[in-house]
Amino acid sequence: MTNVYTKFDGIIVISSYLENYYRLHGMQTIKIPPVVNLQDEKWLVKSYKKNGKLRICYAGVPGNKDYIQNVILAINELDDYSKSNIEFHLYGPTVSQIEKCLGKNAGVLNNIKSIVFVHGKIPQTEVPGEIAKNDFSVLLRPDMRFAHAGFPTKFVESFAVGLPVIANNTSDISKYLINGETGIV
């Protein structure tokens, strides 16, 4: 970043963090967050019939960047009534990847296997339709430099299908996520 990019006349960046970084290095910048082509058929999703439960989802592979384990552990702590009224759908990760994220808490998946659905990898063309079946998507990231330098495409994809997001404020999310209107902070 400091050797190659600074030799360019200008740069397109994805976040305010990078915009500020490159401007401090004297570069012309333009900030453009990720976008999707809503004319693409995969974004033309159908409405779904609700089953009466609150459905939240996550699409992607969490690795160390997304705090999916926090969501799963929170669901495990719910009382029985709340558990009977919620579903968590994960598109992308496998059960073993989720267990790795949970570490020593991997056993909690057995407690909530009737409400946590790990769908594994699905074709990218099916992701919009699957996440649109939910009431919220969830995106929790650590308050670290990498989470501020980028901008999560998961966030953009959720908005593209009209799905509100539950997220913490990293990157430029706070410019688009209005608590109680476009999602929950």
# chains A, B, ... in the order shown; residues from 1 in each chain; ligands from 1
$ residues_around --residues "A:Ser158" --least-positions-apart "3" --cutoff "8 Å" --atoms "only C-alpha atoms" --output "number ranges by chain"
A: 128, 131-132, 137, 154-155, 161-165
$ residues_around --residues "A:Ile86" --least-positions-apart "5" --cutoff "7 Å" --atoms "only C-alpha atoms" --output "ChimeraX atom specification"
/A:53-55,115
$ closest_residue --among "A:Ile32, A:Tyr67, A:Tyr58, A:Ile112" --to "A:Ser82" --atoms "only C-alpha atoms"
A:Ile112
$ closest_residue --among "A:Ile98, A:Tyr176, A:Gly183, A:Asn134" --to "A:Ser47" --atoms "only C-alpha atoms"
A:Asn134
$ residues_around --residues "A:Gln97" --least-positions-apart "6" --cutoff "12 Å" --atoms "only C-alpha atoms" --output "list in words"
Gly60, Val61, Pro62, Gly63, Asn64, Ile68, Gln69, Leu90, Tyr91, Gly103, Ala106, Leu109, Val118, His119, Gly120 and Lys121 of chain A
$ select_by_dssp --residues "chain A" --states "strand (DSSP E or B)" --output "NGL selection string"
:A and (10-13 or 28-31 or 54-59 or 86-91 or 116-120 or 136-139 or 165-167 or 179 or 183-184)
$ closest_residue --among "A:Asn111, A:Lys50, A:Pro33, A:Asn168" --to "A:Leu139" --atoms "only C-alpha atoms"
A:Asn168
$ residues_around --residues "A:Lys31" --least-positions-apart "2" --cutoff "8 Å" --atoms "only C-alpha atoms" --output "list in words"
Ile12, Val13, Ile14, Ser15, Ser16, Glu19, Thr29 and Pro33 of chain A
$ closest_residue --among "A:Ala160, A:Ile11, A:Val127, A:Leu177" --to "A:Ala59" --atoms "only C-alpha atoms"
A:Val127
$ closest_residue --among "A:His148, A:Phe159, A:Val185, A:Pro93" --to "A:Asp172" --atoms "only C-alpha atoms"
A:His148
$ select_by_dssp --residues "stretch 16-183 of chain A" --states "alpha helix (DSSP H)" --output "MDAnalysis selection string"
chainID A and resid 16:24 68:77 80:83 95:102 108:111 127:131 145:149 153:160
$ write_last_selection --atoms "C-alpha atoms" --output "PDB file, in the first residue's frame"
ATOM      1  CA  SER A  16     -13.529   6.562   4.651  1.00  0.00           C
ATOM      2  CA  TYR A  17     -10.631   4.909   6.449  1.00  0.00           C
ATOM      3  CA  LEU A  18      -8.786   4.312   3.161  1.00  0.00           C
ATOM      4  CA  GLU A  19      -9.876   7.677   1.803  1.00  0.00           C
ATOM      5  CA  ASN A  20      -8.270   9.428   4.773  1.00  0.00           C
ATOM      6  CA  TYR A  21      -5.176   7.228   4.600  1.00  0.00           C
ATOM      7  CA  TYR A  22      -4.458   8.009   0.948  1.00  0.00           C
ATOM      8  CA  ARG A  23      -5.326  11.684   1.236  1.00  0.00           C
ATOM      9  CA  LEU A  24      -2.769  11.963   4.039  1.00  0.00           C
ATOM     10  CA  ILE A  68     -20.752 -15.507  14.342  1.00  0.00           C
ATOM     11  CA  GLN A  69     -19.900 -17.286  17.575  1.00  0.00           C
ATOM     12  CA  ASN A  70     -21.380 -14.347  19.523  1.00  0.00           C
ATOM     13  CA  VAL A  71     -24.718 -14.788  17.751  1.00  0.00           C
ATOM     14  CA  ILE A  72     -24.772 -18.535  18.348  1.00  0.00           C
ATOM     15  CA  LEU A  73     -23.810 -18.180  21.997  1.00  0.00           C
ATOM     16  CA  ALA A  74     -26.499 -15.504  22.484  1.00  0.00           C
ATOM     17  CA  ILE A  75     -29.139 -17.743  20.902  1.00  0.00           C
ATOM     18  CA  ASN A  76     -28.065 -20.551  23.219  1.00  0.00           C
ATOM     19  CA  GLU A  77     -28.678 -18.257  26.214  1.00  0.00           C
ATOM     20  CA  ASP A  80     -37.162 -21.739  25.898  1.00  0.00           C
ATOM     21  CA  TYR A  81     -40.006 -19.499  24.720  1.00  0.00           C
ATOM     22  CA  SER A  82     -37.627 -17.227  22.791  1.00  0.00           C
ATOM     23  CA  LYS A  83     -35.823 -20.227  21.319  1.00  0.00           C
ATOM     24  CA  VAL A  95     -20.626 -27.231  10.664  1.00  0.00           C
ATOM     25  CA  SER A  96     -16.900 -27.815  11.228  1.00  0.00           C
ATOM     26  CA  GLN A  97     -16.129 -24.167  10.381  1.00  0.00           C
ATOM     27  CA  ILE A  98     -18.775 -23.021  12.855  1.00  0.00           C
ATOM     28  CA  GLU A  99     -17.406 -25.379  15.502  1.00  0.00           C
ATOM     29  CA  LYS A 100     -13.936 -23.927  14.888  1.00  0.00           C
ATOM     30  CA  CYS A 101     -15.318 -20.398  15.430  1.00  0.00           C
ATOM     31  CA  LEU A 102     -16.962 -21.547  18.649  1.00  0.00           C
ATOM     32  CA  VAL A 108     -23.591 -25.529  22.208  1.00  0.00           C
ATOM     33  CA  LEU A 109     -24.507 -26.363  18.610  1.00  0.00           C
ATOM     34  CA  ASN A 110     -26.031 -29.618  19.887  1.00  0.00           C
ATOM     35  CA  ASN A 111     -28.252 -27.643  22.289  1.00  0.00           C
ATOM     36  CA  VAL A 127     -27.593 -16.312  -2.021  1.00  0.00           C
ATOM     37  CA  PRO A 128     -29.918 -13.338  -2.655  1.00  0.00           C
ATOM     38  CA  GLY A 129     -33.013 -15.534  -2.739  1.00  0.00           C
ATOM     39  CA  GLU A 130     -32.009 -17.410   0.399  1.00  0.00           C
ATOM     40  CA  ILE A 131     -31.163 -14.368   2.502  1.00  0.00           C
ATOM     41  CA  ARG A 145      -8.249  -1.743  11.393  1.00  0.00           C
ATOM     42  CA  PHE A 146      -9.152  -4.357   8.749  1.00  0.00           C
ATOM     43  CA  ALA A 147     -12.842  -4.016   9.618  1.00  0.00           C
ATOM     44  CA  HIS A 148     -12.656  -0.259   9.043  1.00  0.00           C
ATOM     45  CA  ALA A 149     -10.516  -0.313   5.890  1.00  0.00           C
ATOM     46  CA  THR A 153     -20.312  -6.833   0.691  1.00  0.00           C
ATOM     47  CA  LYS A 154     -22.613  -8.863   2.964  1.00  0.00           C
ATOM     48  CA  PHE A 155     -24.097  -5.558   4.091  1.00  0.00           C
ATOM     49  CA  VAL A 156     -24.679  -4.359   0.529  1.00  0.00           C
ATOM     50  CA  GLU A 157     -26.179  -7.697  -0.520  1.00  0.00           C
ATOM     51  CA  SER A 158     -28.647  -7.597   2.363  1.00  0.00           C
ATOM     52  CA  PHE A 159     -29.782  -4.086   1.489  1.00  0.00           C
ATOM     53  CA  ALA A 160     -30.056  -5.088  -2.184  1.00  0.00           C
TER      54      ALA A 160
END
$ decode --residues "stretch 142-174 of chain A" --atoms "N, CA and C atoms" --output "short mmCIF file (atom, residue, chain, number, x, y, z; two decimals), in the first residue's frame"
data_model
loop_
_atom_site.label_atom_id
_atom_site.label_comp_id
_atom_site.auth_asym_id
_atom_site.auth_seq_id
_atom_site.Cartn_x
_atom_site.Cartn_y
_atom_site.Cartn_z
N PRO A 142 -15.01 -7.29 14.59
CA PRO A 142 -14.22 -6.64 15.66
C PRO A 142 -13.88 -5.21 15.28
N ASP A 143 -13.70 -4.39 16.27
CA ASP A 143 -13.33 -2.99 16.06
C ASP A 143 -11.82 -2.92 15.83
N MET A 144 -11.42 -3.40 14.64
CA MET A 144 -10.00 -3.46 14.28
C MET A 144 -9.79 -2.79 12.92
N ARG A 145 -8.56 -2.49 12.61
CA ARG A 145 -8.25 -1.74 11.39
C ARG A 145 -8.82 -2.40 10.14
N PHE A 146 -8.66 -3.71 9.97
CA PHE A 146 -9.15 -4.36 8.75
C PHE A 146 -10.65 -4.19 8.58
N ALA A 147 -11.39 -4.15 9.69
CA ALA A 147 -12.84 -4.02 9.62
C ALA A 147 -13.26 -2.59 9.26
N HIS A 148 -12.36 -1.64 9.40
CA HIS A 148 -12.66 -0.26 9.04
C HIS A 148 -12.15 0.08 7.64
N ALA A 149 -11.10 -0.61 7.20
CA ALA A 149 -10.52 -0.31 5.89
C ALA A 149 -11.40 -0.81 4.75
N GLY A 150 -12.04 -1.94 4.93
CA GLY A 150 -12.90 -2.48 3.89
C GLY A 150 -14.34 -2.03 4.06
N PHE A 151 -15.20 -2.60 3.27
CA PHE A 151 -16.63 -2.38 3.43
C PHE A 151 -17.30 -3.72 3.11
N PRO A 152 -18.10 -4.25 4.03
CA PRO A 152 -18.63 -5.61 3.86
C PRO A 152 -19.66 -5.73 2.73
N THR A 153 -19.36 -6.58 1.77
CA THR A 153 -20.31 -6.83 0.69
C THR A 153 -21.57 -7.51 1.23
N LYS A 154 -21.44 -8.24 2.34
CA LYS A 154 -22.61 -8.86 2.96
C LYS A 154 -23.67 -7.81 3.29
N PHE A 155 -23.22 -6.67 3.74
CA PHE A 155 -24.10 -5.56 4.09
C PHE A 155 -24.84 -5.06 2.85
N VAL A 156 -24.10 -4.85 1.78
CA VAL A 156 -24.68 -4.36 0.53
C VAL A 156 -25.67 -5.38 -0.04
N GLU A 157 -25.31 -6.65 0.00
CA GLU A 157 -26.18 -7.70 -0.52
C GLU A 157 -27.49 -7.76 0.25
N SER A 158 -27.42 -7.59 1.55
CA SER A 158 -28.65 -7.60 2.36
C SER A 158 -29.56 -6.43 1.98
N PHE A 159 -28.99 -5.25 1.88
CA PHE A 159 -29.78 -4.09 1.49
C PHE A 159 -30.35 -4.25 0.09
N ALA A 160 -29.61 -4.91 -0.80
CA ALA A 160 -30.06 -5.09 -2.18
C ALA A 160 -31.35 -5.89 -2.27
N VAL A 161 -31.59 -6.78 -1.31
CA VAL A 161 -32.84 -7.55 -1.31
C VAL A 161 -33.84 -7.02 -0.29
N GLY A 162 -33.54 -5.84 0.27
CA GLY A 162 -34.46 -5.21 1.22
C GLY A 162 -34.41 -5.81 2.60
N LEU A 163 -33.32 -6.46 2.94
CA LEU A 163 -33.19 -7.13 4.23
C LEU A 163 -32.47 -6.23 5.23
N PRO A 164 -33.11 -5.87 6.33
CA PRO A 164 -32.42 -5.06 7.33
C PRO A 164 -31.27 -5.85 7.97
N VAL A 165 -30.29 -5.12 8.49
CA VAL A 165 -29.07 -5.74 9.01
C VAL A 165 -28.92 -5.43 10.50
N ILE A 166 -28.49 -6.42 11.24
CA ILE A 166 -28.07 -6.25 12.62
C ILE A 166 -26.54 -6.21 12.57
N ALA A 167 -25.96 -5.08 12.93
CA ALA A 167 -24.50 -4.94 12.81
C ALA A 167 -23.96 -3.99 13.85
N ASN A 168 -22.66 -4.09 14.07
CA ASN A 168 -21.98 -3.07 14.86
C ASN A 168 -21.34 -2.09 13.89
N ASN A 169 -21.00 -0.92 14.38
CA ASN A 169 -20.48 0.14 13.51
C ASN A 169 -18.99 -0.05 13.25
N THR A 170 -18.69 -0.69 12.14
CA THR A 170 -17.33 -0.75 11.63
C THR A 170 -17.38 -0.19 10.22
N SER A 171 -16.22 0.11 9.68
CA SER A 171 -16.14 0.70 8.34
C SER A 171 -17.07 1.91 8.27
N ASP A 172 -17.79 2.05 7.17
CA ASP A 172 -18.73 3.17 7.01
C ASP A 172 -20.18 2.73 7.21
N ILE A 173 -20.38 1.63 7.89
CA ILE A 173 -21.72 1.09 8.09
C ILE A 173 -22.65 2.13 8.70
N SER A 174 -22.14 2.94 9.62
CA SER A 174 -23.00 3.92 10.31
C SER A 174 -23.58 4.96 9.36
#
